[in-house]
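This is start24.txt. It holds compact mmCIF, C-alpha atoms.
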# COMPACT_ATOMS: atom_id res chain seq x y z
CA MET A 1 -20.49 14.77 23.24
CA GLU A 2 -19.49 14.11 19.64
CA LYS A 3 -16.23 12.24 19.28
CA GLN A 4 -13.56 14.26 17.47
CA LYS A 5 -12.50 12.62 14.23
CA LYS A 6 -8.82 11.91 13.61
CA ARG A 7 -7.52 13.86 10.63
CA ILE A 8 -5.41 12.12 7.98
CA LEU A 9 -3.05 13.62 5.40
CA ILE A 10 -2.68 11.08 2.55
CA VAL A 11 0.56 11.34 0.57
CA GLU A 12 0.20 9.12 -2.48
CA ASP A 13 0.58 9.52 -6.25
CA ALA A 14 -1.45 6.50 -7.38
CA PRO A 15 -5.13 7.46 -7.72
CA TYR A 16 -6.38 4.01 -6.75
CA MET A 17 -4.50 4.08 -3.42
CA CYS A 18 -5.93 7.49 -2.49
CA GLU A 19 -9.41 6.15 -3.22
CA MET A 20 -8.71 2.97 -1.31
CA ILE A 21 -7.46 4.72 1.83
CA GLU A 22 -10.35 7.18 1.64
CA GLU A 23 -12.85 4.34 1.36
CA MET A 24 -11.22 2.44 4.19
CA LEU A 25 -11.29 5.43 6.47
CA ASN A 26 -14.82 6.49 5.67
CA SER A 27 -16.04 6.10 9.22
CA ASP A 28 -17.01 8.05 12.31
CA GLU A 29 -13.42 7.94 13.51
CA TYR A 30 -11.37 9.41 10.66
CA GLU A 31 -11.58 12.18 8.09
CA ILE A 32 -9.27 13.15 5.23
CA ALA A 33 -7.57 16.46 6.00
CA ASP A 34 -5.95 16.62 2.54
CA ILE A 35 -4.18 14.63 -0.18
CA ALA A 36 -0.67 15.31 -1.52
CA VAL A 37 0.71 13.64 -4.65
CA ASN A 38 4.44 14.12 -4.01
CA GLY A 39 6.85 14.88 -1.21
CA ILE A 40 7.12 18.61 -1.82
CA GLU A 41 3.35 19.00 -1.70
CA ALA A 42 3.22 16.83 1.42
CA VAL A 43 5.66 19.03 3.34
CA ARG A 44 3.89 22.23 2.22
CA LYS A 45 0.44 20.92 3.09
CA TYR A 46 1.57 19.59 6.45
CA LYS A 47 2.95 23.02 7.36
CA GLU A 48 -0.20 24.80 6.15
CA LEU A 49 -2.81 22.56 7.73
CA GLU A 50 -4.33 23.76 10.99
CA PRO A 51 -4.94 21.92 13.15
CA LYS A 52 -2.14 19.54 12.19
CA PRO A 53 -3.13 16.08 10.88
CA ASP A 54 -3.20 13.32 13.50
CA ILE A 55 -1.70 10.87 11.00
CA VAL A 56 0.24 11.15 7.74
CA THR A 57 0.19 8.12 5.41
CA MET A 58 3.29 8.35 3.23
CA ASP A 59 4.10 6.58 -0.05
CA ILE A 60 7.82 6.22 -0.87
CA VAL A 61 8.15 6.18 -4.66
CA MET A 62 6.95 9.58 -5.90
CA GLU A 63 8.25 12.20 -8.31
CA GLU A 64 9.65 15.58 -7.22
CA MET A 65 10.51 14.41 -3.70
CA ASP A 66 10.23 10.84 -2.42
CA GLY A 67 8.56 9.74 0.79
CA ILE A 68 11.80 9.19 2.69
CA GLN A 69 12.91 12.79 2.17
CA ALA A 70 9.42 14.13 2.87
CA THR A 71 9.32 12.16 6.12
CA LYS A 72 12.65 13.72 7.17
CA GLU A 73 11.41 17.23 6.35
CA ILE A 74 8.11 16.84 8.17
CA LYS A 75 9.79 15.33 11.24
CA LYS A 76 12.34 18.16 11.23
CA TYR A 77 9.48 20.68 11.22
CA ASP A 78 7.35 18.73 13.73
CA PRO A 79 9.02 15.89 15.66
CA ASP A 80 5.58 14.92 17.02
CA ALA A 81 4.13 14.23 13.56
CA LEU A 82 2.81 10.67 13.29
CA ILE A 83 3.93 9.24 9.95
CA ILE A 84 2.99 5.80 8.65
CA VAL A 85 4.84 4.80 5.49
CA ILE A 86 2.75 2.61 3.17
CA SER A 87 4.81 1.00 0.43
CA ALA A 88 5.11 -1.82 -2.06
CA LEU A 89 8.88 -1.82 -1.54
CA GLY A 90 9.25 -5.05 0.30
CA THR A 91 12.82 -5.36 1.55
CA PRO A 92 13.95 -4.87 5.15
CA GLU A 93 16.36 -2.19 3.84
CA HIS A 94 13.48 -0.03 2.65
CA LYS A 95 11.74 -0.39 5.98
CA LYS A 96 14.96 0.49 7.80
CA ALA A 97 15.47 3.60 5.64
CA ALA A 98 11.94 4.79 6.36
CA LEU A 99 12.24 4.25 10.10
CA GLU A 100 15.64 5.96 10.16
CA ALA A 101 14.07 8.94 8.37
CA GLY A 102 11.68 9.21 11.31
CA ALA A 103 8.64 7.20 10.21
CA ASP A 104 6.70 5.76 13.14
CA GLU A 105 5.60 2.65 11.28
CA TYR A 106 6.00 0.87 7.94
CA LEU A 107 3.07 -0.93 6.36
CA TRP A 108 3.78 -3.25 3.46
CA LYS A 109 1.36 -3.54 0.58
CA PRO A 110 -0.78 -5.49 0.05
CA PHE A 111 -2.82 -4.77 3.16
CA THR A 112 -6.43 -4.93 4.31
CA VAL A 113 -8.76 -2.49 6.06
CA LYS A 114 -8.12 -4.45 9.24
CA ASN A 115 -4.32 -4.05 8.93
CA LEU A 116 -4.63 -0.31 8.40
CA SER A 117 -7.14 0.24 11.22
CA GLU A 118 -5.09 -1.78 13.70
CA LEU A 119 -1.97 0.15 12.81
CA PHE A 120 -3.69 3.51 13.22
CA GLU A 121 -5.16 2.49 16.58
CA LYS A 122 -1.79 1.18 17.78
CA GLN A 123 0.12 4.31 16.79
CA LEU A 124 -2.52 6.72 18.09
CA ALA A 125 -2.42 4.88 21.43
CA VAL A 126 1.37 5.16 21.53
CA LYS A 127 1.17 8.88 20.75
CA LYS A 128 -1.49 9.41 23.41
CA GLY A 129 0.68 7.56 25.92
CA GLN A 130 3.67 9.72 25.10
CA GLY A 131 1.57 12.86 25.53
CA LYS A 132 0.73 11.86 29.11
CA LYS A 133 4.36 11.70 30.16
CA MET B 1 -6.85 -38.18 0.50
CA SER B 2 -7.26 -34.44 1.07
CA THR B 3 -7.23 -32.12 -1.93
CA GLU B 4 -7.20 -28.92 0.15
CA PRO B 5 -4.70 -26.23 -1.02
CA GLN B 6 -1.42 -26.56 0.83
CA PRO B 7 -0.63 -23.50 3.00
CA GLN B 8 3.14 -23.91 2.60
CA PHE B 9 2.85 -22.23 -0.80
CA GLU B 10 2.01 -18.89 0.81
CA PRO B 11 5.56 -17.99 1.86
CA GLN B 12 6.57 -18.39 -1.79
CA ILE B 13 3.82 -15.98 -2.84
CA LEU B 14 4.92 -13.43 -0.26
CA HIS B 15 8.53 -13.87 -1.30
CA SER B 16 7.52 -13.20 -4.91
CA LEU B 17 5.67 -10.01 -3.88
CA ARG B 18 8.45 -8.70 -1.62
CA ARG B 19 10.89 -8.97 -4.51
CA SER B 20 8.85 -6.80 -6.87
CA ARG B 21 7.12 -3.46 -6.36
CA VAL B 22 5.34 -3.94 -9.68
CA ARG B 23 3.82 -7.30 -8.72
CA THR B 24 2.80 -5.93 -5.33
CA GLU B 25 1.11 -2.84 -6.78
CA ILE B 26 -0.79 -5.01 -9.29
CA VAL B 27 -2.03 -7.29 -6.51
CA MET B 28 -3.06 -4.35 -4.34
CA TYR B 29 -5.02 -2.81 -7.22
CA LEU B 30 -6.75 -6.07 -8.15
CA PHE B 31 -7.61 -6.56 -4.47
CA LYS B 32 -9.25 -3.13 -4.46
CA ILE B 33 -11.45 -3.90 -7.48
CA TYR B 34 -12.12 -7.56 -6.58
CA PRO B 35 -14.14 -9.46 -7.87
CA ASP B 36 -13.88 -7.33 -11.00
CA ALA B 37 -11.16 -7.95 -13.57
CA SER B 38 -9.07 -5.40 -15.43
CA TYR B 39 -6.79 -5.21 -18.47
CA PRO B 40 -3.08 -4.25 -18.48
CA ALA B 41 -3.50 -0.69 -19.83
CA ASP B 42 -6.13 0.08 -17.21
CA ILE B 43 -4.03 -1.40 -14.40
CA ALA B 44 -1.07 0.64 -15.65
CA ARG B 45 -3.04 3.88 -15.63
CA ASN B 46 -4.36 3.34 -12.13
CA ILE B 47 -1.08 2.44 -10.47
CA GLY B 48 1.20 4.69 -12.51
CA ILE B 49 3.46 1.98 -13.95
CA ASP B 50 3.89 1.44 -17.71
CA PRO B 51 1.95 -1.42 -19.41
CA THR B 52 5.10 -3.35 -20.40
CA ASN B 53 6.08 -3.72 -16.75
CA ILE B 54 2.51 -4.65 -15.85
CA LEU B 55 2.65 -7.53 -18.35
CA GLY B 56 6.02 -8.52 -16.90
CA GLY B 57 4.55 -8.69 -13.41
CA LEU B 58 1.49 -10.61 -14.56
CA ARG B 59 3.05 -13.12 -16.97
CA GLY B 60 6.83 -12.81 -16.63
CA MET B 61 9.11 -11.29 -19.24
CA GLY B 62 12.76 -11.95 -20.06
CA SER B 63 15.31 -11.83 -17.28
CA ARG B 64 13.80 -8.86 -15.45
CA TYR B 65 10.51 -10.58 -14.61
CA ASP B 66 11.13 -14.29 -14.20
CA THR B 67 8.14 -16.35 -15.28
CA SER B 68 8.33 -18.69 -12.29
CA ASN B 69 7.56 -15.78 -9.97
CA SER B 70 4.87 -14.19 -12.15
CA LEU B 71 1.47 -13.59 -10.60
CA ILE B 72 -0.18 -16.00 -13.04
CA GLU B 73 2.38 -18.72 -12.39
CA ARG B 74 2.01 -18.31 -8.61
CA GLY B 75 -1.76 -18.58 -8.88
CA VAL B 76 -2.32 -15.15 -7.35
CA VAL B 77 -3.98 -13.75 -10.48
CA GLU B 78 -6.13 -15.51 -13.07
CA ARG B 79 -6.86 -14.77 -16.71
CA VAL B 80 -10.39 -14.01 -17.85
CA GLU B 81 -10.95 -14.29 -21.62
CA LEU B 82 -13.83 -12.09 -22.70
CA GLU B 83 -14.79 -11.08 -26.24
CA ASP B 84 -11.31 -11.68 -27.71
CA ALA B 85 -9.65 -9.67 -24.94
CA THR B 86 -7.69 -10.87 -21.92
CA TYR B 87 -8.51 -9.48 -18.50
CA TYR B 88 -6.88 -10.25 -15.16
CA ARG B 89 -8.53 -10.82 -11.81
CA LEU B 90 -7.24 -11.62 -8.33
CA SER B 91 -7.75 -15.33 -7.67
CA GLU B 92 -9.47 -16.71 -4.57
CA ARG B 93 -6.05 -17.88 -3.46
CA GLY B 94 -4.56 -14.41 -3.93
CA LYS B 95 -7.40 -12.87 -1.97
CA SER B 96 -6.95 -15.40 0.85
CA VAL B 97 -3.24 -14.66 1.07
CA ILE B 98 -3.83 -10.91 1.41
CA GLU B 99 -6.57 -11.38 3.97
CA SER B 100 -4.33 -13.63 6.04
CA LEU B 101 -1.59 -11.00 6.36
CA GLY B 102 -1.02 -9.34 9.70
CA MET B 103 -0.03 -5.74 10.42
CA ASP B 104 3.61 -6.64 9.91
CA GLY B 105 2.92 -7.93 6.39
CA ARG B 106 3.50 -11.58 7.32
Any chance you could put this one into structure tokens?
Amino acid sequence: MEKQKKRILIVEDAPYMCEMIEEMLNSDEYEIADIAVNGIEAVRKYKELEPKPDIVTMDIVMEEMDGIQATKEIKKYDPDALIIVISALGTPEHKKAALEAGADEYLWKPFTVKNLSELFEKQLAVKKGQGKK
Amino acid sequence: MSTEPQPQFEPQILHSLRRSRVRTEIVMYLFKIYPDASYPADIARNIGIDPTNILGGLRGMGSRYDTSNSLIERGVVERVELEDATYYRLSERGKSVIESLGMDGR
């Protein structure tokens, strides 16, 4: 039986990062459900997508609505959404703000394919474990 | 006597990156295109930060971007002079630092 690919919603306004995440995830395990370039688009696309993405990668610094606010809105709509914030903002305060907004994990740039894959696997395992409760 | 690079410099590089979103975005972009080099206007366009700040992150500029923490000064990025133009490329050292990072960014 063919393994079902995990669907990713990328929220990112820098073209190179979208390309990078797409290239990193070009495998048998993941597929890109959609890309949003700001927080407002992210919330709208998350609500529209069916089935819902398995993972949302969320930038913080974006125009219109930032990633912290978008994380809050998505979590309010769907508390089970799995959101991984990926940011170049490197202070513990930024990480704390993201986690308090409901993000499941915070990945600091710069990162490698290995970092991203490990994080996805870890969080998907946690989510799967919670679903069995 | 050993001439191997000393690993204790890496925390200083990470400290320099954690203090600046601009420096971190530049490094991430140059890591993506490695081993290719790029020029400030192209880096700026790809990461969505204006060229003046890109130069600040690369070389240091005034009080906002202290030279001692610049990517060139830290040895994370190197200059490539080509046909009267200056390009920038991630150094071997910069690449090694990124590849040594764990999931928690340390």
Inset, instruction - Kindly give the distance, in Å, that separates CA of Leu71 (chain B) and CA of Leu99 (chain A), rounded to a single decimal. - result: 29.4 Å
Inset, instruction - Place a sphere of radius 10 Å on (-4.3, -1.7, -20.1) in the file coordinates and name every protein, DNA or RNA residue with an atom inside or on its surface, counting only C-alpha atoms; give the answer as a PyMOL selection string. - result: chain B and resi 38-46+50-52+54-55+86-87
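Between Ile47 (chain B) and the candidates B:Glu25, B:Leu17, B:Gly75, B:Leu90, the tightest atom-to-atom separation, counting all atoms listed in the file, involves B:Glu25.
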Legend entry - Near-Val97 (chain B) list (12 Å; all atoms listed in the file; drop same-chain fewer than 2 positions) as number ranges by chain: A: 110-112; B: 5, 7-14, 17, 27-28, 31, 74-77, 90-95, 99-102, 105-106
Inset, instruction - Would you work out the distance separating CA of Gln69 (chain A) from CA of Ala101 (chain A), expressed in Å to one decimal? - result: 7.4 Å
Legend entry - Between CA of Ile49 (chain B) and CA of Arg21 (chain B), distance in Å (one decimal):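 For CA of Ile49 (chain B) relative to CA of Arg21 (chain B), the distance reads 10.0 Å.
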Inset, instruction - Pull out every residue of chain A sitting within 6 Å of chain B, counting only C-alpha atoms, and send them as a PyMOL selection string. - result: chain A and resi 14+16+88-90+108+110+115
Inset, instruction - Pick out the residues sitting within 7 Å of region 32-48 of chain A, and hand them over as number ranges by chain; count all atoms listed in the file, and ignore anything fewer than 4 positions along from it in its own chain. - result: A: 7-13, 52-53, 62-67, 70, 73-74
Legend entry - B:Gly62, B:Ala37, B:Leu30, B:Thr67 ranked by distance to Arg79 (chain B), top pick (using all atoms listed in the file):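 Among B:Gly62, B:Ala37, B:Leu30, B:Thr67, it is B:Ala37 that comes nearest to Arg79 (chain B).
These residues, each with an atom at most 7 Å from (6.8, -13.4, -11.5) using all atoms listed in the file, are Ser16, Gly57, Leu58, Arg59, Gly60, Tyr65, Asp66, Thr67, Ser68, Asn69, Ser70, Leu71 and Glu73 of chain B.
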Inset, instruction - Give the answer as one residue: which of A:Lys6, A:Pro92, A:Glu19, A:Lys122 has the shortest atom-to-atom distance to Pro51 (chain A), using all atoms listed in the file? - result: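 Selected residue with least distance to Pro51 (chain A): A:Lys6.
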Can you complete the atoms of region 20-37 of chain B to N, CA and C atoms and list them as a PDB file, in the frame of the given file?
ATOM      1  N   SER B  20       9.256  -7.629  -5.744  1.00  0.00           N
ATOM      2  CA  SER B  20       8.850  -6.800  -6.870  1.00  0.00           C
ATOM      3  C   SER B  20       7.763  -5.790  -6.494  1.00  0.00           C
ATOM      4  N   ARG B  21       8.102  -4.523  -6.625  1.00  0.00           N
ATOM      5  CA  ARG B  21       7.120  -3.460  -6.360  1.00  0.00           C
ATOM      6  C   ARG B  21       5.989  -3.529  -7.387  1.00  0.00           C
ATOM      7  N   VAL B  22       6.346  -3.879  -8.627  1.00  0.00           N
ATOM      8  CA  VAL B  22       5.340  -3.940  -9.680  1.00  0.00           C
ATOM      9  C   VAL B  22       4.298  -5.020  -9.367  1.00  0.00           C
ATOM     10  N   ARG B  23       4.767  -6.219  -9.034  1.00  0.00           N
ATOM     11  CA  ARG B  23       3.820  -7.300  -8.720  1.00  0.00           C
ATOM     12  C   ARG B  23       2.940  -6.923  -7.527  1.00  0.00           C
ATOM     13  N   THR B  24       3.554  -6.288  -6.523  1.00  0.00           N
ATOM     14  CA  THR B  24       2.800  -5.930  -5.330  1.00  0.00           C
ATOM     15  C   THR B  24       1.735  -4.883  -5.629  1.00  0.00           C
ATOM     16  N   GLU B  25       2.095  -3.879  -6.437  1.00  0.00           N
ATOM     17  CA  GLU B  25       1.110  -2.840  -6.780  1.00  0.00           C
ATOM     18  C   GLU B  25      -0.041  -3.434  -7.593  1.00  0.00           C
ATOM     19  N   ILE B  26       0.272  -4.367  -8.490  1.00  0.00           N
ATOM     20  CA  ILE B  26      -0.790  -5.010  -9.290  1.00  0.00           C
ATOM     21  C   ILE B  26      -1.758  -5.749  -8.356  1.00  0.00           C
ATOM     22  N   VAL B  27      -1.195  -6.508  -7.435  1.00  0.00           N
ATOM     23  CA  VAL B  27      -2.030  -7.290  -6.510  1.00  0.00           C
ATOM     24  C   VAL B  27      -2.900  -6.373  -5.651  1.00  0.00           C
ATOM     25  N   MET B  28      -2.300  -5.279  -5.184  1.00  0.00           N
ATOM     26  CA  MET B  28      -3.060  -4.350  -4.340  1.00  0.00           C
ATOM     27  C   MET B  28      -4.226  -3.742  -5.130  1.00  0.00           C
ATOM     28  N   TYR B  29      -3.967  -3.398  -6.396  1.00  0.00           N
ATOM     29  CA  TYR B  29      -5.020  -2.810  -7.220  1.00  0.00           C
ATOM     30  C   TYR B  29      -6.129  -3.833  -7.501  1.00  0.00           C
ATOM     31  N   LEU B  30      -5.732  -5.052  -7.848  1.00  0.00           N
ATOM     32  CA  LEU B  30      -6.750  -6.070  -8.150  1.00  0.00           C
ATOM     33  C   LEU B  30      -7.541  -6.451  -6.891  1.00  0.00           C
ATOM     34  N   PHE B  31      -6.896  -6.324  -5.741  1.00  0.00           N
ATOM     35  CA  PHE B  31      -7.610  -6.560  -4.470  1.00  0.00           C
ATOM     36  C   PHE B  31      -8.659  -5.471  -4.271  1.00  0.00           C
ATOM     37  N   LYS B  32      -8.305  -4.238  -4.628  1.00  0.00           N
ATOM     38  CA  LYS B  32      -9.250  -3.130  -4.460  1.00  0.00           C
ATOM     39  C   LYS B  32     -10.500  -3.329  -5.326  1.00  0.00           C
ATOM     40  N   ILE B  33     -10.301  -3.796  -6.563  1.00  0.00           N
ATOM     41  CA  ILE B  33     -11.450  -3.900  -7.480  1.00  0.00           C
ATOM     42  C   ILE B  33     -12.112  -5.280  -7.461  1.00  0.00           C
ATOM     43  N   TYR B  34     -11.585  -6.202  -6.665  1.00  0.00           N
ATOM     44  CA  TYR B  34     -12.120  -7.560  -6.580  1.00  0.00           C
ATOM     45  C   TYR B  34     -13.635  -7.525  -6.307  1.00  0.00           C
ATOM     46  N   PRO B  35     -14.458  -8.341  -6.968  1.00  0.00           N
ATOM     47  CA  PRO B  35     -14.140  -9.460  -7.870  1.00  0.00           C
ATOM     48  C   PRO B  35     -14.036  -9.036  -9.339  1.00  0.00           C
ATOM     49  N   ASP B  36     -13.991  -7.761  -9.606  1.00  0.00           N
ATOM     50  CA  ASP B  36     -13.880  -7.330 -11.000  1.00  0.00           C
ATOM     51  C   ASP B  36     -12.496  -7.659 -11.566  1.00  0.00           C
ATOM     52  N   ALA B  37     -12.430  -7.735 -12.886  1.00  0.00           N
ATOM     53  CA  ALA B  37     -11.160  -7.950 -13.570  1.00  0.00           C
ATOM     54  C   ALA B  37     -10.770  -6.668 -14.294  1.00  0.00           C
TER      55      ALA B  37
END
